[in-house]
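Here the structure comes first, spelled out in structure tokens, and everything after it is commentary.
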Amino acid sequence: MKRLFFILISTVVFLGACKKQPTVRTSGTDTIDNLRYQTISYHVYGFSFSQAKLIATNTTPAPDIIIDLVYKDGTPPSPALQTNNLLASFLKIGEYDTEDEAKEVFDNLKTITAIAISWSDMAEPVAPNQIWVYRSNDEKYTKIRIKEVKIDKLEEFVDYAECTFQWVHQPDGSLSFP
């Protein structure tokens with residue numbers, strides 16, 4: 001009887017210790033905006049590809065990308081994806097006339113070249129049917145297809161930007177996407 005009890009307890013303890021690690025998704029469709037929130041300081045929510053979720057800009061690690069509006073010489077503001085790393089992080093693959101054409105290019109984009117010389121500090125201006133590649137500080141790559149961009153005025157001095165994007169992240173740092 002003691003032996004049966006010991007085996008039963010051992011089995012329960014063993015099964016309880018075998019917790020399945022949650023898997024982080026490496027692709028999806030998500031939306032970010034530039035709404036400002038105040039706790040101790042102002043922050044916005046950006047997107048982290050390695051965590052596959054929205055996170056605040058006042059956390060560590062910070063998000064990979066945020067969206068904001070860029071103002072230049074009296075022209076209407078243009079939406080831009082920005083990052084807070086010290087690397088030129090955005091490579092524009094192309095801008096396409098239709099959603100179907102952009103989706104086809106995005107789906108067929110399997111590899112990028114390591115010697116691309118057209119990296120920029122921000123993806124600007126972002127517009128529907130664009131394809132971008134994002135490069136993180138630790139040389140991890142994510143391809144991004146811009147699906148929708150919204151700009152609005154919430155109040156007299158508050159401009160709103162929102163971006164919905166499809167993405168595929170390559171967490172191993174290779175230049176090939178699954």
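Chain labels A, B, ... are given in the sequence in which chains occur in the structure tokens; within each chain residues are numbered consecutively from 1, and ligands are likewise numbered from 1 in the order shown.
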
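For Ser78 of chain A, the non-local neighbours within 6 Å, defined as residues at least 2 positions apart in the same chain or in other chains and counting only C-alpha atoms, are A:Leu69, A:Val70, A:Pro125.
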
- Where in segment 39-176 of chain A does DSSP assign alpha helix (DSSP H), given as a PyMOL selection string? chain A and resi 99-108

Write the residues of the preceding selection, restricted to N, CA and C atoms, as a compact mmCIF listing (two decimals), in the first residue's frame.
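And here is the file that came out, again-v2.txt:
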```txt
# COMPACT_ATOMS: atom_id res chain seq x y z
N GLU A 99 -3.70 45.31 -52.99
CA GLU A 99 -3.47 44.46 -51.84
C GLU A 99 -3.01 43.07 -52.28
N ASP A 100 -3.60 42.54 -53.35
CA ASP A 100 -3.23 41.22 -53.84
C ASP A 100 -1.77 41.18 -54.29
N GLU A 101 -1.34 42.23 -54.98
CA GLU A 101 0.05 42.29 -55.44
C GLU A 101 1.01 42.37 -54.25
N ALA A 102 0.68 43.20 -53.25
CA ALA A 102 1.53 43.33 -52.07
C ALA A 102 1.58 42.01 -51.30
N LYS A 103 0.44 41.34 -51.18
CA LYS A 103 0.39 40.07 -50.46
C LYS A 103 1.23 39.01 -51.17
N GLU A 104 1.18 39.00 -52.49
CA GLU A 104 1.98 38.03 -53.25
C GLU A 104 3.47 38.27 -53.06
N VAL A 105 3.90 39.52 -53.13
CA VAL A 105 5.32 39.84 -52.91
C VAL A 105 5.73 39.48 -51.49
N PHE A 106 4.89 39.82 -50.52
CA PHE A 106 5.16 39.51 -49.12
C PHE A 106 5.31 38.00 -48.90
N ASP A 107 4.36 37.24 -49.43
CA ASP A 107 4.40 35.79 -49.27
C ASP A 107 5.62 35.17 -49.94
N ASN A 108 6.05 35.75 -51.07
CA ASN A 108 7.18 35.19 -51.82
C ASN A 108 8.54 35.73 -51.36
```

- as a PyMOL selection string, please: all residues of segment 8-129 of chain A that backbone DSSP puts in strand (DSSP E). chain A and resi 27-33+37-38+42-43+45-48+53-56+66-70+78-82+90-95

- Could you name the residues that touch Glu124 of chain A at 12 Å or less, counting only C-alpha atoms, but leaving out those on the same chain fewer than 4 positions away, as a PyMOL selection string? chain A and resi 67-72+77-83+89-92+95+119-120+130-132+146

- Message: Report as a PyMOL selection string all protein, DNA and RNA residues lying within 12 Å of Ala88 of chain A, evaluated on only C-alpha atoms, omitting residues in the same chain fewer than 3 positions from it.
- Response: chain A and resi 82-85+91-92+116-123+133-137+139

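With atom CA of Thr142 of chain A on one side and atom CA of Gly46 of chain A on the other, the separation reads 14.8 Å.
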
- Item | Of the listed residues A:Ile32, A:Ile40, A:Val24, A:Leu109, that which approaches Lys147 of chain A most closely, counting only C-alpha atoms |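 Of all the options, A:Ile32 lies closest to Lys147 of chain A.
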
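Residues in contact with segment 164-174 of chain A at 6 Å, where only C-alpha atoms are counted and same-chain residues fewer than 6 positions away are skipped, are listed as A:Thr26, A:Ser27, A:Gly28, A:Thr29, A:Asp30, A:Thr31, A:Glu139, A:Lys140, A:Tyr141, A:Thr142, A:Lys143, A:Ile144, A:Arg145, A:Ile146, A:Lys147, A:Glu148.
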
Export of the given selection (N, CA and C atoms) as an mmCIF file, in the first residue's frame:
```
data_model
loop_
_atom_site.group_PDB
_atom_site.id
_atom_site.type_symbol
_atom_site.label_atom_id
_atom_site.label_comp_id
_atom_site.auth_asym_id
_atom_site.auth_seq_id
_atom_site.Cartn_x
_atom_site.Cartn_y
_atom_site.Cartn_z
ATOM 1 N N THR A 26 5.457 33.758 -34.231
ATOM 2 C CA THR A 26 6.468 34.437 -35.038
ATOM 3 C C THR A 26 5.858 35.115 -36.251
ATOM 4 N N SER A 27 4.542 35.208 -36.280
ATOM 5 C CA SER A 27 3.873 35.916 -37.375
ATOM 6 C C SER A 27 2.475 36.303 -36.918
ATOM 7 N N GLY A 28 1.858 37.182 -37.684
ATOM 8 C CA GLY A 28 0.496 37.583 -37.355
ATOM 9 C C GLY A 28 0.130 38.897 -38.000
ATOM 10 N N THR A 29 -1.015 39.392 -37.598
ATOM 11 C CA THR A 29 -1.493 40.702 -38.022
ATOM 12 C C THR A 29 -1.845 41.474 -36.758
ATOM 13 N N ASP A 30 -1.287 42.667 -36.613
ATOM 14 C CA ASP A 30 -1.487 43.462 -35.408
ATOM 15 C C ASP A 30 -1.656 44.932 -35.768
ATOM 16 N N THR A 31 -2.099 45.714 -34.788
ATOM 17 C CA THR A 31 -2.343 47.139 -34.978
ATOM 18 C C THR A 31 -1.677 47.915 -33.853
ATOM 19 N N GLU A 139 20.260 42.142 -34.671
ATOM 20 C CA GLU A 139 20.286 41.551 -36.018
ATOM 21 C C GLU A 139 19.259 40.442 -36.220
ATOM 22 N N LYS A 140 18.055 40.641 -35.701
ATOM 23 C CA LYS A 140 16.921 39.763 -35.979
ATOM 24 C C LYS A 140 16.047 40.507 -36.990
ATOM 25 N N TYR A 141 15.449 39.785 -37.919
ATOM 26 C CA TYR A 141 14.741 40.414 -39.032
ATOM 27 C C TYR A 141 13.256 40.070 -39.010
ATOM 28 N N THR A 142 12.451 41.048 -39.451
ATOM 29 C CA THR A 142 11.005 40.875 -39.546
ATOM 30 C C THR A 142 10.546 41.514 -40.846
ATOM 31 N N LYS A 143 9.774 40.772 -41.633
ATOM 32 C CA LYS A 143 9.178 41.388 -42.819
ATOM 33 C C LYS A 143 7.788 41.878 -42.433
ATOM 34 N N ILE A 144 7.415 43.047 -42.985
ATOM 35 C CA ILE A 144 6.173 43.718 -42.612
ATOM 36 C C ILE A 144 5.422 44.117 -43.874
ATOM 37 N N ARG A 145 4.134 43.794 -43.920
ATOM 38 C CA ARG A 145 3.259 44.276 -44.998
ATOM 39 C C ARG A 145 2.251 45.228 -44.380
ATOM 40 N N ILE A 146 2.254 46.461 -44.837
ATOM 41 C CA ILE A 146 1.320 47.462 -44.323
ATOM 42 C C ILE A 146 -0.055 47.196 -44.948
ATOM 43 N N LYS A 147 -1.027 46.950 -44.089
ATOM 44 C CA LYS A 147 -2.374 46.655 -44.561
ATOM 45 C C LYS A 147 -3.269 47.894 -44.554
ATOM 46 N N GLU A 148 -3.164 48.692 -43.490
ATOM 47 C CA GLU A 148 -4.041 49.858 -43.373
ATOM 48 C C GLU A 148 -3.348 50.923 -42.528
#
```

- Item | Selected residue, from A:Leu86, A:Ile112, A:Val149, A:Val126, that lies nearest to Leu175 of chain A when counting only C-alpha atoms |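 Distance minimum relative to Leu175 of chain A lands on A:Ile112.
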
- Task: Might you pull out every residue within 8 Å of Thr57 of chain A, with only C-alpha atoms counted and same-chain residues fewer than 3 positions away left off, and present them as a list in words?
- Result: His43, Val44, Tyr45, Gly46, Ala62 and Pro63 of chain A

- Task: Go through A:Ile151, A:Thr39, A:Asp64, A:Gly94 and flag the residue nearest Ala52 of chain A, using only C-alpha atoms for the distances.
- Result: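 Under the stated criterion, the closest residue is A:Asp64.
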
- Query: When you draw a straight line from atom CA of Gln51 of chain A to atom CA of Arg25 of chain A, how long is it in Å?
  - Reply: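 Rounded to one decimal, the two atoms are 8.0 Å apart.
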